$ cat target_5.cif   # mmCIF, C-alpha atoms and all ligand atoms
data_target
#
loop_
_atom_site.label_atom_id
_atom_site.label_comp_id
_atom_site.auth_asym_id
_atom_site.auth_seq_id
_atom_site.Cartn_x
_atom_site.Cartn_y
_atom_site.Cartn_z
CA MET A 3 -2.35 -5.21 -22.48
CA LEU A 4 -1.80 -7.51 -19.51
CA HIS A 5 -5.03 -8.68 -17.94
CA TYR A 6 -5.84 -10.06 -14.49
CA THR A 7 -9.19 -11.57 -13.55
CA ILE A 8 -9.61 -12.01 -9.80
CA THR A 9 -12.28 -14.13 -8.16
CA PRO A 10 -12.47 -14.13 -4.36
CA ARG A 11 -13.05 -17.31 -2.35
CA PRO A 12 -13.61 -15.74 1.07
CA ASN A 13 -14.36 -18.97 2.95
CA ALA A 14 -10.97 -20.34 1.97
CA HIS A 15 -9.04 -17.01 2.28
CA GLN A 16 -8.03 -17.44 -1.36
CA TRP A 17 -7.85 -15.24 -4.44
CA HIS A 18 -8.22 -17.15 -7.69
CA ILE A 19 -6.44 -15.25 -10.46
CA ILE A 20 -6.21 -15.64 -14.23
CA PHE A 21 -3.32 -13.68 -15.74
CA THR A 22 -3.69 -13.32 -19.51
CA PHE A 23 -1.11 -12.07 -22.03
CA HIS A 24 -0.04 -12.59 -25.62
CA HIS A 25 3.49 -13.88 -26.14
CA SER A 26 4.72 -13.18 -29.67
CA GLU A 27 8.01 -15.08 -29.79
CA ASN A 28 8.89 -18.75 -29.98
CA ALA A 29 11.05 -18.29 -26.90
CA THR A 30 10.49 -18.90 -23.21
CA GLN A 31 8.77 -16.18 -21.17
CA SER A 32 9.74 -15.53 -17.56
CA ILE A 33 6.91 -14.92 -15.06
CA LYS A 34 7.70 -13.56 -11.60
CA LEU A 35 6.17 -12.49 -8.30
CA ALA A 36 7.72 -9.72 -6.15
CA ASN A 37 9.72 -10.69 -3.06
CA TRP A 38 9.19 -7.43 -1.16
CA VAL A 39 6.90 -4.45 -1.18
CA ALA A 40 8.10 -0.86 -1.68
CA GLY A 41 8.24 1.02 1.63
CA SER A 42 8.89 -2.05 3.77
CA TYR A 43 12.49 -3.08 3.41
CA MET A 44 12.43 -6.79 4.11
CA ILE A 45 12.32 -9.89 1.87
CA ARG A 46 8.87 -11.37 2.38
CA ASP A 47 8.79 -14.18 -0.21
CA PHE A 48 5.18 -13.61 -1.28
CA ALA A 49 5.39 -16.59 -3.67
CA LYS A 50 5.09 -18.92 -0.68
CA HIS A 51 1.38 -18.04 -0.63
CA ILE A 52 0.80 -19.36 -4.18
CA ILE A 53 -0.85 -22.71 -3.57
CA ASN A 54 -1.23 -23.77 -7.19
CA ILE A 55 -0.25 -22.44 -10.61
CA GLN A 56 -0.87 -23.78 -14.11
CA ALA A 57 -0.80 -22.48 -17.67
CA THR A 58 -2.51 -22.83 -21.02
CA CYS A 59 -1.33 -21.55 -24.41
CA ASN A 60 -4.02 -21.03 -27.07
CA GLY A 61 -6.36 -23.00 -24.84
CA SER A 62 -4.17 -26.10 -24.41
CA PRO A 63 -2.36 -26.95 -21.18
CA VAL A 64 1.40 -26.27 -21.26
CA PRO A 65 3.99 -27.00 -18.58
CA LEU A 66 5.43 -24.20 -16.45
CA THR A 67 8.97 -24.71 -15.22
CA GLN A 68 9.73 -23.24 -11.81
CA ILE A 69 13.27 -21.90 -11.92
CA SER A 70 13.46 -20.13 -8.56
CA LYS A 71 11.26 -19.53 -5.51
CA ASN A 72 9.42 -16.71 -7.31
CA GLU A 73 10.00 -17.34 -11.03
CA TRP A 74 8.39 -19.63 -13.59
CA GLN A 75 9.09 -20.11 -17.30
CA THR A 76 6.76 -20.92 -20.20
CA PRO A 77 7.77 -23.31 -22.99
CA ALA A 78 9.46 -21.73 -26.05
CA GLN A 79 6.12 -21.21 -27.74
CA SER A 80 4.25 -18.10 -28.89
CA GLY A 81 0.53 -17.64 -28.36
CA ASP A 82 -2.18 -16.45 -25.99
CA TYR A 83 -1.29 -17.49 -22.47
CA GLN A 84 -3.49 -17.88 -19.41
CA ILE A 85 -1.70 -18.36 -16.11
CA GLU A 86 -4.18 -19.56 -13.54
CA TYR A 87 -3.08 -19.40 -9.90
CA THR A 88 -4.46 -19.33 -6.39
CA VAL A 89 -3.05 -17.19 -3.59
CA TYR A 90 -3.69 -17.82 0.12
CA ALA A 91 -4.53 -14.48 1.74
CA ASN A 92 -4.87 -14.46 5.51
CA ASP A 93 -2.33 -11.87 6.65
CA LEU A 94 -3.71 -8.86 8.56
CA SER A 95 -1.04 -6.38 7.47
CA VAL A 96 -0.81 -3.19 5.42
CA ARG A 97 1.86 -4.88 3.29
CA ALA A 98 0.12 -8.15 2.46
CA SER A 99 -3.18 -9.58 1.33
CA LEU A 100 -6.22 -10.66 3.30
CA LEU A 101 -9.57 -12.14 2.40
CA ASP A 102 -12.37 -13.28 4.68
CA ASN A 103 -16.14 -13.04 4.76
CA GLU A 104 -16.07 -9.41 5.92
CA ARG A 105 -13.42 -7.80 3.75
CA GLY A 106 -10.53 -8.12 1.38
CA PHE A 107 -7.29 -6.16 1.20
CA ILE A 108 -4.71 -6.37 -1.56
CA ASP A 109 -1.24 -4.90 -1.77
CA GLY A 110 -0.60 -5.64 -5.43
CA ALA A 111 3.06 -6.62 -5.06
CA CYS A 112 2.07 -9.82 -3.27
CA LEU A 113 -0.65 -10.81 -5.74
CA PHE A 114 0.14 -9.78 -9.31
CA LEU A 115 2.53 -11.93 -11.34
CA TYR A 116 4.58 -9.87 -13.80
CA LEU A 117 6.64 -10.31 -16.95
CA PRO A 118 10.08 -8.78 -16.21
CA GLU A 119 10.63 -7.24 -19.68
CA ARG A 120 7.06 -5.97 -19.94
CA ARG A 121 6.70 -3.99 -16.71
CA ASP A 122 5.97 -0.80 -18.69
CA GLU A 123 2.85 -2.25 -20.33
CA ALA A 124 -0.66 -1.20 -19.36
CA CYS A 125 -2.57 -3.58 -17.08
CA GLU A 126 -6.25 -4.23 -16.48
CA VAL A 127 -7.79 -5.81 -13.39
CA GLN A 128 -11.28 -7.25 -13.27
CA PHE A 129 -12.95 -8.59 -10.13
CA ASN A 130 -15.57 -11.30 -10.64
CA ASP A 131 -18.20 -12.75 -8.33
CA LEU A 132 -17.74 -10.35 -5.43
CA PRO A 133 -19.88 -11.28 -2.41
CA GLU A 134 -23.28 -9.54 -2.23
CA GLY A 135 -23.01 -5.83 -1.45
CA TRP A 136 -19.21 -5.57 -1.67
CA ARG A 137 -17.60 -2.53 -3.23
CA ILE A 138 -13.99 -1.54 -3.86
CA GLU A 139 -11.88 1.45 -2.83
CA THR A 140 -8.61 2.12 -4.70
CA THR A 141 -7.00 4.96 -6.63
CA LEU A 142 -6.61 2.96 -9.84
CA ARG A 143 -8.62 4.36 -12.74
CA GLN A 144 -12.01 2.80 -13.33
CA PRO A 145 -13.26 2.70 -16.96
CA GLU A 146 -16.72 4.22 -17.31
CA ASN A 147 -19.65 1.82 -16.97
CA GLN A 148 -17.39 -1.11 -16.16
CA LYS A 149 -18.08 -2.11 -12.60
CA ASN A 150 -15.16 -3.60 -10.69
CA HIS A 151 -12.74 -3.00 -13.61
CA PHE A 152 -9.54 -1.04 -13.06
CA GLN A 153 -6.66 0.09 -15.25
CA ALA A 154 -3.01 0.81 -14.48
CA ALA A 155 -0.49 2.43 -16.81
CA HIS A 156 2.16 -0.12 -15.83
CA TYR A 157 3.22 -2.66 -13.20
CA ALA A 158 4.65 0.07 -10.93
CA GLU A 159 1.27 1.79 -10.74
CA LEU A 160 -0.58 -1.52 -10.40
CA THR A 161 1.46 -2.37 -7.31
CA ASP A 162 1.27 1.16 -5.86
CA CYS A 163 -2.53 1.30 -5.54
CA PRO A 164 -3.84 -1.03 -2.82
CA PHE A 165 -7.44 -2.29 -2.88
CA GLU A 166 -9.91 -2.42 0.01
CA LEU A 167 -13.01 -4.54 -0.63
CA GLY A 168 -16.06 -5.12 1.53
CA ALA A 169 -19.72 -4.45 2.19
CA HIS A 170 -19.17 -2.01 5.05
CA ILE A 171 -16.59 0.49 3.82
CA GLU A 172 -17.49 4.00 5.05
CA THR A 173 -15.99 6.71 2.85
CA LEU A 174 -15.58 10.29 4.10
CA HIS A 175 -14.60 13.14 1.79
CA PHE A 176 -12.69 16.40 2.15
CA THR A 177 -10.65 18.64 -0.10
CA ALA A 178 -7.26 20.15 0.65
CA HIS A 179 -6.06 22.99 -1.59
CA GLY A 180 -8.77 21.90 -4.03
CA ILE A 181 -7.50 18.31 -4.24
CA PRO A 182 -10.11 15.64 -3.42
CA HIS A 183 -9.18 13.38 -0.49
CA ARG A 184 -11.07 10.33 0.82
CA ILE A 185 -10.86 8.39 4.05
CA ALA A 186 -12.22 4.84 3.59
CA LEU A 187 -12.85 3.20 6.97
CA SER A 188 -13.19 -0.55 7.39
CA GLY A 189 -13.48 -2.90 10.35
CA HIS A 190 -15.62 -2.52 13.46
CA TYR A 191 -15.53 0.77 15.35
CA PRO A 192 -17.71 2.81 17.69
CA ASP A 193 -19.51 6.01 16.76
CA PHE A 194 -17.02 8.85 16.55
CA ASP A 195 -16.72 12.53 15.65
CA ARG A 196 -16.44 12.35 11.87
CA GLN A 197 -16.31 16.12 11.45
CA ARG A 198 -13.37 16.33 13.86
CA LEU A 199 -11.41 13.66 11.97
CA LEU A 200 -12.12 15.34 8.63
CA ALA A 201 -11.25 18.81 9.92
CA ASP A 202 -7.96 17.66 11.48
CA CYS A 203 -6.92 15.63 8.42
CA GLN A 204 -7.72 18.59 6.21
CA LYS A 205 -5.50 20.88 8.31
CA ILE A 206 -2.60 18.39 8.24
CA CYS A 207 -2.89 17.82 4.48
CA GLU A 208 -3.23 21.51 3.66
CA HIS A 209 -0.14 22.22 5.71
CA ALA A 210 1.90 19.53 3.93
CA LEU A 211 0.63 20.63 0.51
CA ALA A 212 1.56 24.25 1.26
CA MET A 213 5.01 23.25 2.51
CA PHE A 214 5.76 21.29 -0.68
CA LEU A 215 3.93 23.74 -3.02
CA ALA A 216 0.31 22.69 -3.50
CA ASN A 217 0.22 23.42 -7.23
CA GLU A 218 3.01 20.88 -7.76
CA ALA A 219 1.45 18.11 -5.68
CA PRO A 220 2.50 14.67 -6.95
CA PHE A 221 -1.14 13.47 -6.96
CA SER A 222 -4.53 14.70 -8.18
CA GLU A 223 -6.48 12.74 -5.56
CA TYR A 224 -5.52 11.00 -2.33
CA LEU A 225 -7.01 8.03 -0.47
CA PHE A 226 -6.50 6.97 3.16
CA LEU A 227 -7.47 3.30 3.59
CA LEU A 228 -7.99 3.12 7.36
CA HIS A 229 -8.70 -0.28 8.89
CA LEU A 230 -9.73 -0.30 12.56
CA GLY A 231 -9.23 -3.27 14.85
CA ASP A 232 -7.90 -4.27 18.26
CA ASN A 233 -4.28 -3.53 19.12
CA ILE A 234 -3.20 -2.99 15.53
CA TYR A 235 -0.99 -0.19 14.29
CA GLY A 236 0.93 0.46 11.11
CA GLY A 237 0.99 2.20 7.78
CA LEU A 238 2.42 1.85 4.32
CA GLU A 239 2.92 4.75 1.96
CA HIS A 240 1.91 4.87 -1.70
CA SER A 241 2.07 7.65 -4.29
CA ASN A 242 -1.56 8.73 -3.99
CA SER A 243 -2.85 6.61 -1.13
CA THR A 244 -1.84 4.92 2.08
CA ALA A 245 -2.92 1.77 3.91
CA LEU A 246 -3.32 2.34 7.66
CA HIS A 247 -4.07 0.09 10.63
CA ALA A 248 -5.18 1.65 13.91
CA ASP A 249 -6.90 0.67 17.11
CA ARG A 250 -10.64 1.40 17.08
CA LYS A 251 -10.13 3.42 20.30
CA ALA A 252 -8.00 5.90 18.33
CA LEU A 253 -11.00 7.47 16.58
CA PRO A 254 -11.99 10.83 18.10
CA PRO A 255 -14.95 10.52 20.50
CA ARG A 256 -17.71 13.12 20.27
CA ASN A 257 -17.25 16.21 22.45
CA MET A 258 -13.53 15.60 22.83
CA ALA A 259 -11.89 18.77 24.18
CA GLN A 260 -8.20 17.96 23.78
CA PRO A 261 -6.98 15.17 21.45
CA THR A 262 -6.57 11.89 23.34
CA ALA A 263 -3.18 10.16 23.25
CA ASP A 264 -4.56 7.42 20.97
CA TYR A 265 -6.07 9.96 18.57
CA THR A 266 -2.84 11.96 18.50
CA THR A 267 -0.99 8.74 17.58
CA LEU A 268 -3.45 8.15 14.72
CA LEU A 269 -3.00 11.71 13.45
CA GLY A 270 0.78 11.24 13.63
CA LEU A 271 0.48 8.08 11.51
CA ILE A 272 -1.72 9.86 8.96
CA SER A 273 0.74 12.77 8.84
CA HIS A 274 3.70 10.38 8.46
CA GLU A 275 2.32 8.40 5.53
CA TYR A 276 1.04 11.53 3.79
CA PHE A 277 4.49 13.16 4.07
CA HIS A 278 5.93 10.07 2.35
CA ALA A 279 3.97 10.99 -0.81
CA TRP A 280 6.81 13.47 -1.28
CA ASN A 281 9.65 12.06 0.79
CA VAL A 282 10.43 8.59 -0.68
CA LYS A 283 7.60 8.25 -3.23
CA THR A 284 8.64 11.39 -5.19
CA ILE A 285 12.11 12.21 -3.81
CA LYS A 286 13.85 8.84 -3.57
CA PRO A 287 17.23 7.09 -3.69
CA ALA A 288 18.49 6.42 -7.23
CA GLU A 289 18.59 2.73 -6.26
CA PHE A 290 14.77 2.74 -6.08
CA VAL A 291 14.29 3.92 -9.70
CA PRO A 292 12.71 1.67 -10.70
CA TYR A 293 12.03 -0.47 -7.63
CA ASN A 294 13.58 -3.91 -8.04
CA LEU A 295 11.07 -5.97 -6.05
CA ASP A 296 12.97 -9.16 -6.88
CA GLN A 297 15.83 -8.75 -4.45
CA GLU A 298 17.28 -6.59 -1.67
CA THR A 299 17.94 -3.03 -2.82
CA TYR A 300 20.63 -1.59 -0.59
CA THR A 301 20.84 2.13 0.14
CA GLU A 302 22.53 4.22 2.83
CA GLN A 303 19.74 6.80 2.68
CA LEU A 304 16.79 5.20 4.45
CA TRP A 305 17.48 7.36 7.51
CA ALA A 306 16.74 10.42 5.36
CA TYR A 307 13.46 9.05 4.02
CA GLU A 308 12.20 7.49 7.26
CA GLY A 309 13.99 9.78 9.71
CA ILE A 310 13.07 13.11 8.16
CA THR A 311 9.51 11.87 7.62
CA SER A 312 9.34 10.84 11.29
CA TYR A 313 10.72 14.22 12.35
CA TYR A 314 8.00 16.01 10.42
CA ASP A 315 5.03 13.75 11.23
CA ASP A 316 4.36 15.11 14.74
CA LEU A 317 5.74 18.55 13.91
CA MET A 318 3.05 18.91 11.22
CA LEU A 319 0.39 18.27 13.89
CA ALA A 320 1.65 21.24 15.91
CA ARG A 321 2.18 23.50 12.90
CA SER A 322 -1.33 22.81 11.62
CA GLN A 323 -2.62 23.39 15.19
CA VAL A 324 -4.38 20.05 15.60
CA ILE A 325 -2.33 19.62 18.79
CA SER A 326 -0.96 22.31 21.11
CA PRO A 327 2.72 23.33 21.24
CA GLU A 328 2.88 21.78 24.74
CA ALA A 329 1.49 18.47 23.45
CA TYR A 330 4.06 18.50 20.66
CA LEU A 331 6.94 19.14 23.07
CA ASN A 332 5.74 16.19 25.17
CA LEU A 333 5.82 13.93 22.09
CA LEU A 334 9.28 15.20 21.20
CA ALA A 335 10.49 14.58 24.76
CA GLN A 336 9.20 10.99 24.56
CA THR A 337 11.04 10.45 21.27
CA ILE A 338 14.30 11.92 22.61
CA THR A 339 14.02 9.76 25.75
CA ARG A 340 13.45 6.64 23.63
CA VAL A 341 16.45 7.40 21.41
CA HIS A 342 18.74 8.07 24.37
CA ARG A 343 17.72 4.86 26.13
CA ASN A 344 18.86 2.91 23.07
CA ALA A 345 22.60 2.45 22.58
CA GLY A 346 22.27 1.76 18.85
CA ARG A 347 23.57 5.19 17.87
CA LYS A 348 26.91 4.31 19.49
CA GLN A 349 27.20 1.12 17.42
CA GLN A 350 26.21 2.19 13.89
CA THR A 351 26.10 5.33 11.82
CA LEU A 352 22.81 6.32 10.23
CA ALA A 353 24.16 5.20 6.84
CA GLN A 354 25.23 1.80 8.24
CA SER A 355 21.86 1.36 9.90
CA SER A 356 20.09 2.15 6.61
CA PHE A 357 22.27 -0.26 4.66
CA ALA A 358 21.71 -3.08 7.16
CA ALA A 359 17.93 -2.56 7.33
CA TRP A 360 17.46 -5.65 5.16
ZN ZN A 401 7.71 5.74 7.09
#

$ encode --input "target_5.cif" --output "structure tokens"
Amino acid sequence: MLHYTITPRPNAHQWHIIFTFHHSENATQSIKLANWVAGSYMIRDFAKHIINIQATCNGSPVPLTQISKNEWQTPAQSGDYQIEYTVYANDLSVRASLLDNERGFIDGACLFLYLPERRDEACEVQFNDLPEGWRIETTLRQPENQKNHFQAAHYAELTDCPFELGAHIETLHFTAHGIPHRIALSGHYPDFDRQRLLADCQKICEHALAMFLANEAPFSEYLFLLHLGDNIYGGLEHSNSTALHADRKALPPRNMAQPTADYTTLLGLISHEYFHAWNVKTIKPAEFVPYNLDQETYTEQLWAYEGITSYYDDLMLARSQVISPEAYLNLLAQTITRVHRNAGRKQQTLAQSSFAAW
């Protein structure tokens, strides 16, 4: 079992982490941090946010040798290791980590050190000393009666289940084809029509589940982590959750007759990331099995995973009748206009564009 103890230091935007493991051989052990996060195809060098790192073996300090920007090595010594490190977290992004006095967000790839040969081992995460009133939303399993403890079957699951932490997370619930879904809202936002948001999300999810066969859904629960702010937009897909950023104006006002443009954009984002639970999280390029988060992973197929998902995101809104056919055709016209204004298609094939995405 690999164990992580995380203590937040909100005033300093820092996570203090103790990574504990037993090393059974009198040989060096490599310790790494990911360089990119699945779903966002760019080297991000998360290790640059580690501001200190030190190790003990059987309680005594031992030197760590840094052998690359994101890799360290223990001495050739067996024993119980504790790697203690601090990560600066002040990046408001769905693919990063953030900590302040109001909330915390963690995409695991940028926080959890891993042992390259032991990525299949079970992991446990324990949060200590959370600020008063904070709670945590994630899809990782929580052992009974162990507050703020979470378990992952392996590193891939650990880094595929983002965490939202804070005192003011509002969680809304709905089911789609019998599968429990949650929307966890964070940030500051005005009063809005919660029933409308739930009803529309339910229609979109039920439509996607039916299209892909609901009884073979790749998840048994699903979580939308929706952070609202000013002029923010973005999403990152995970196997049974998604992290979303949207403008607070995008929430549906009460007594809204037709969906506003901002709300339609939010529904399109929700539809897009949900569709990814199948297209790229379940059906994926062979190069992504398993994800190699250490270096660029080239594929000529990104256009299929992003392009087909983008084609379906707005289409699902029309098919599930949360927007009218006319509204859908207007969105499609905007997309076609945007594509035709851009000369990129005359320079590169879709495969070349996918390959060069890095
Ligand atoms: Zn996408």

$ residues_near_ligand --input "target_5.cif" --ligand "ligand ZN 401 (chain A)" --cutoff "7 Å" --atoms "only C-alpha atoms and all ligand atoms" --output "VMD selection string"
chain A and resid 274 to 275 278 308 311 to 312

$ write_last_selection --input "target_5.cif" --atoms "C-alpha atoms" --output "PDB file, in the coordinates of the input"
ATOM      1  CA  HIS A 274       3.700  10.380   8.460  1.00  0.00           C
ATOM      2  CA  GLU A 275       2.320   8.400   5.530  1.00  0.00           C
ATOM      3  CA  HIS A 278       5.930  10.070   2.350  1.00  0.00           C
ATOM      4  CA  GLU A 308      12.200   7.490   7.260  1.00  0.00           C
ATOM      5  CA  THR A 311       9.510  11.870   7.620  1.00  0.00           C
ATOM      6  CA  SER A 312       9.340  10.840  11.290  1.00  0.00           C
TER       7      SER A 312
END

$ atom_distance --input "target_5.cif" --atom1 "CA of Thr141 in chain A" --atom2 "CA of Cys163 in chain A"
5.9 Å

$ atom_distance --input "target_5.cif" --atom1 "CA of Lys348 in chain A" --atom2 "CA of Tyr43 in chain A"
22.8 Å

$ closest_residue --input "target_5.cif" --among "A:Ala40, A:Pro192, A:Asp82, A:Leu295" --to "Lys283 in chain A" --atoms "only C-alpha atoms"
A:Ala40

$ closest_residue --input "target_5.cif" --among "A:Cys207, A:Met213, A:Leu253, A:Ala353" --to "Ile272 in chain A" --atoms "all atoms listed in the file"
A:Cys207

$ axis_aligned_box --input "target_5.cif" --around "range 83-88 of chain A" --padding-each-side "8 Å" --output "lines of an AutoDock Vina configuration file"
center_x = -2.9
center_y = -18.5
center_z = -14.4
size_x = 19.2
size_y = 18.1
size_z = 32.1

$ residues_around --input "target_5.cif" --residues "Ala178 in chain A" --least-positions-apart "6" --cutoff "8 Å" --atoms "only C-alpha atoms" --output "NGL selection string"
:A and (204-205 or 207-208 or 211)

$ residues_around --input "target_5.cif" --residues "Ala245 in chain A" --least-positions-apart "4" --cutoff "6 Å" --atoms "only C-alpha atoms" --output "mmCIF file with C-alpha atoms, in the coordinates of the input"
data_model
loop_
_atom_site.group_PDB
_atom_site.id
_atom_site.type_symbol
_atom_site.label_atom_id
_atom_site.label_comp_id
_atom_site.auth_asym_id
_atom_site.auth_seq_id
_atom_site.Cartn_x
_atom_site.Cartn_y
_atom_site.Cartn_z
ATOM 1 C CA VAL A 96 -0.810 -3.190 5.420
ATOM 2 C CA LEU A 227 -7.470 3.300 3.590
ATOM 3 C CA GLY A 237 0.990 2.200 7.780
ATOM 4 C CA LEU A 238 2.420 1.850 4.320
#

$ residues_around --input "target_5.cif" --residues "Lys149 in chain A" --least-positions-apart "5" --cutoff "9 Å" --atoms "all atoms listed in the file" --output "PyMOL selection string"
chain A and resi 128-129+144

$ build_atoms --input "target_5.cif" --residues "range 64-91 of chain A" --atoms "N, CA and C atoms" --output "PDB file, keeping the file's coordinate frame"
ATOM      1  N   VAL A  64      -0.048 -26.213 -20.999  1.00  0.00           N
ATOM      2  CA  VAL A  64       1.400 -26.270 -21.260  1.00  0.00           C
ATOM      3  C   VAL A  64       2.102 -26.313 -19.906  1.00  0.00           C
ATOM      4  N   PRO A  65       3.289 -26.940 -19.867  1.00  0.00           N
ATOM      5  CA  PRO A  65       3.990 -27.000 -18.580  1.00  0.00           C
ATOM      6  C   PRO A  65       4.647 -25.662 -18.233  1.00  0.00           C
ATOM      7  N   LEU A  66       4.654 -25.337 -16.944  1.00  0.00           N
ATOM      8  CA  LEU A  66       5.430 -24.200 -16.450  1.00  0.00           C
ATOM      9  C   LEU A  66       6.615 -24.771 -15.685  1.00  0.00           C
ATOM     10  N   THR A  67       7.791 -24.245 -15.936  1.00  0.00           N
ATOM     11  CA  THR A  67       8.970 -24.710 -15.220  1.00  0.00           C
ATOM     12  C   THR A  67       9.305 -23.702 -14.136  1.00  0.00           C
ATOM     13  N   GLN A  68       9.348 -24.163 -12.888  1.00  0.00           N
ATOM     14  CA  GLN A  68       9.730 -23.240 -11.810  1.00  0.00           C
ATOM     15  C   GLN A  68      11.238 -23.190 -11.747  1.00  0.00           C
ATOM     16  N   ILE A  69      11.813 -21.984 -11.888  1.00  0.00           N
ATOM     17  CA  ILE A  69      13.270 -21.900 -11.920  1.00  0.00           C
ATOM     18  C   ILE A  69      13.853 -21.200 -10.699  1.00  0.00           C
ATOM     19  N   SER A  70      13.010 -20.609  -9.865  1.00  0.00           N
ATOM     20  CA  SER A  70      13.460 -20.130  -8.560  1.00  0.00           C
ATOM     21  C   SER A  70      12.222 -20.025  -7.687  1.00  0.00           C
ATOM     22  N   LYS A  71      12.405 -19.552  -6.429  1.00  0.00           N
ATOM     23  CA  LYS A  71      11.260 -19.530  -5.510  1.00  0.00           C
ATOM     24  C   LYS A  71      10.132 -18.646  -6.030  1.00  0.00           C
ATOM     25  N   ASN A  72      10.458 -17.650  -6.869  1.00  0.00           N
ATOM     26  CA  ASN A  72       9.420 -16.710  -7.310  1.00  0.00           C
ATOM     27  C   ASN A  72       9.415 -16.511  -8.827  1.00  0.00           C
ATOM     28  N   GLU A  73       9.946 -17.499  -9.577  1.00  0.00           N
ATOM     29  CA  GLU A  73      10.000 -17.340 -11.030  1.00  0.00           C
ATOM     30  C   GLU A  73       9.632 -18.643 -11.736  1.00  0.00           C
ATOM     31  N   TRP A  74       8.809 -18.497 -12.768  1.00  0.00           N
ATOM     32  CA  TRP A  74       8.390 -19.630 -13.590  1.00  0.00           C
ATOM     33  C   TRP A  74       8.709 -19.288 -15.048  1.00  0.00           C
ATOM     34  N   GLN A  75       8.762 -20.326 -15.905  1.00  0.00           N
ATOM     35  CA  GLN A  75       9.090 -20.110 -17.300  1.00  0.00           C
ATOM     36  C   GLN A  75       8.103 -20.894 -18.172  1.00  0.00           C
ATOM     37  N   THR A  76       7.629 -20.229 -19.244  1.00  0.00           N
ATOM     38  CA  THR A  76       6.760 -20.920 -20.200  1.00  0.00           C
ATOM     39  C   THR A  76       7.621 -21.747 -21.144  1.00  0.00           C
ATOM     40  N   PRO A  77       7.008 -22.661 -21.916  1.00  0.00           N
ATOM     41  CA  PRO A  77       7.770 -23.310 -22.990  1.00  0.00           C
ATOM     42  C   PRO A  77       8.131 -22.273 -24.072  1.00  0.00           C
ATOM     43  N   ALA A  78       9.049 -22.643 -24.970  1.00  0.00           N
ATOM     44  CA  ALA A  78       9.460 -21.730 -26.050  1.00  0.00           C
ATOM     45  C   ALA A  78       8.393 -21.761 -27.141  1.00  0.00           C
ATOM     46  N   GLN A  79       7.290 -21.113 -26.856  1.00  0.00           N
ATOM     47  CA  GLN A  79       6.120 -21.210 -27.740  1.00  0.00           C
ATOM     48  C   GLN A  79       5.357 -19.891 -27.686  1.00  0.00           C
ATOM     49  N   SER A  80       5.036 -19.340 -28.858  1.00  0.00           N
ATOM     50  CA  SER A  80       4.250 -18.100 -28.890  1.00  0.00           C
ATOM     51  C   SER A  80       2.771 -18.436 -28.757  1.00  0.00           C
ATOM     52  N   GLY A  81       1.968 -17.410 -28.435  1.00  0.00           N
ATOM     53  CA  GLY A  81       0.530 -17.640 -28.360  1.00  0.00           C
ATOM     54  C   GLY A  81      -0.126 -16.847 -27.247  1.00  0.00           C
ATOM     55  N   ASP A  82      -1.410 -17.114 -27.046  1.00  0.00           N
ATOM     56  CA  ASP A  82      -2.180 -16.450 -25.990  1.00  0.00           C
ATOM     57  C   ASP A  82      -2.120 -17.300 -24.729  1.00  0.00           C
ATOM     58  N   TYR A  83      -1.487 -16.743 -23.712  1.00  0.00           N
ATOM     59  CA  TYR A  83      -1.290 -17.490 -22.470  1.00  0.00           C
ATOM     60  C   TYR A  83      -2.315 -17.107 -21.405  1.00  0.00           C
ATOM     61  N   GLN A  84      -2.710 -18.097 -20.633  1.00  0.00           N
ATOM     62  CA  GLN A  84      -3.490 -17.880 -19.410  1.00  0.00           C
ATOM     63  C   GLN A  84      -2.742 -18.567 -18.280  1.00  0.00           C
ATOM     64  N   ILE A  85      -2.335 -17.781 -17.301  1.00  0.00           N
ATOM     65  CA  ILE A  85      -1.700 -18.360 -16.110  1.00  0.00           C
ATOM     66  C   ILE A  85      -2.751 -18.311 -15.011  1.00  0.00           C
ATOM     67  N   GLU A  86      -3.121 -19.469 -14.539  1.00  0.00           N
ATOM     68  CA  GLU A  86      -4.180 -19.560 -13.540  1.00  0.00           C
ATOM     69  C   GLU A  86      -3.516 -19.922 -12.218  1.00  0.00           C
ATOM     70  N   TYR A  87      -3.740 -19.102 -11.179  1.00  0.00           N
ATOM     71  CA  TYR A  87      -3.080 -19.400  -9.900  1.00  0.00           C
ATOM     72  C   TYR A  87      -3.956 -18.978  -8.735  1.00  0.00           C
ATOM     73  N   THR A  88      -3.685 -19.590  -7.597  1.00  0.00           N
ATOM     74  CA  THR A  88      -4.460 -19.330  -6.390  1.00  0.00           C
ATOM     75  C   THR A  88      -3.512 -18.859  -5.297  1.00  0.00           C
ATOM     76  N   VAL A  89      -3.903 -17.771  -4.628  1.00  0.00           N
ATOM     77  CA  VAL A  89      -3.050 -17.190  -3.590  1.00  0.00           C
ATOM     78  C   VAL A  89      -3.788 -17.240  -2.251  1.00  0.00           C
ATOM     79  N   TYR A  90      -3.132 -17.794  -1.243  1.00  0.00           N
ATOM     80  CA  TYR A  90      -3.690 -17.820   0.120  1.00  0.00           C
ATOM     81  C   TYR A  90      -3.489 -16.434   0.737  1.00  0.00           C
ATOM     82  N   ALA A  91      -4.567 -15.866   1.279  1.00  0.00           N
ATOM     83  CA  ALA A  91      -4.530 -14.480   1.740  1.00  0.00           C
ATOM     84  C   ALA A  91      -5.153 -14.384   3.124  1.00  0.00           C
TER      85      ALA A  91
END
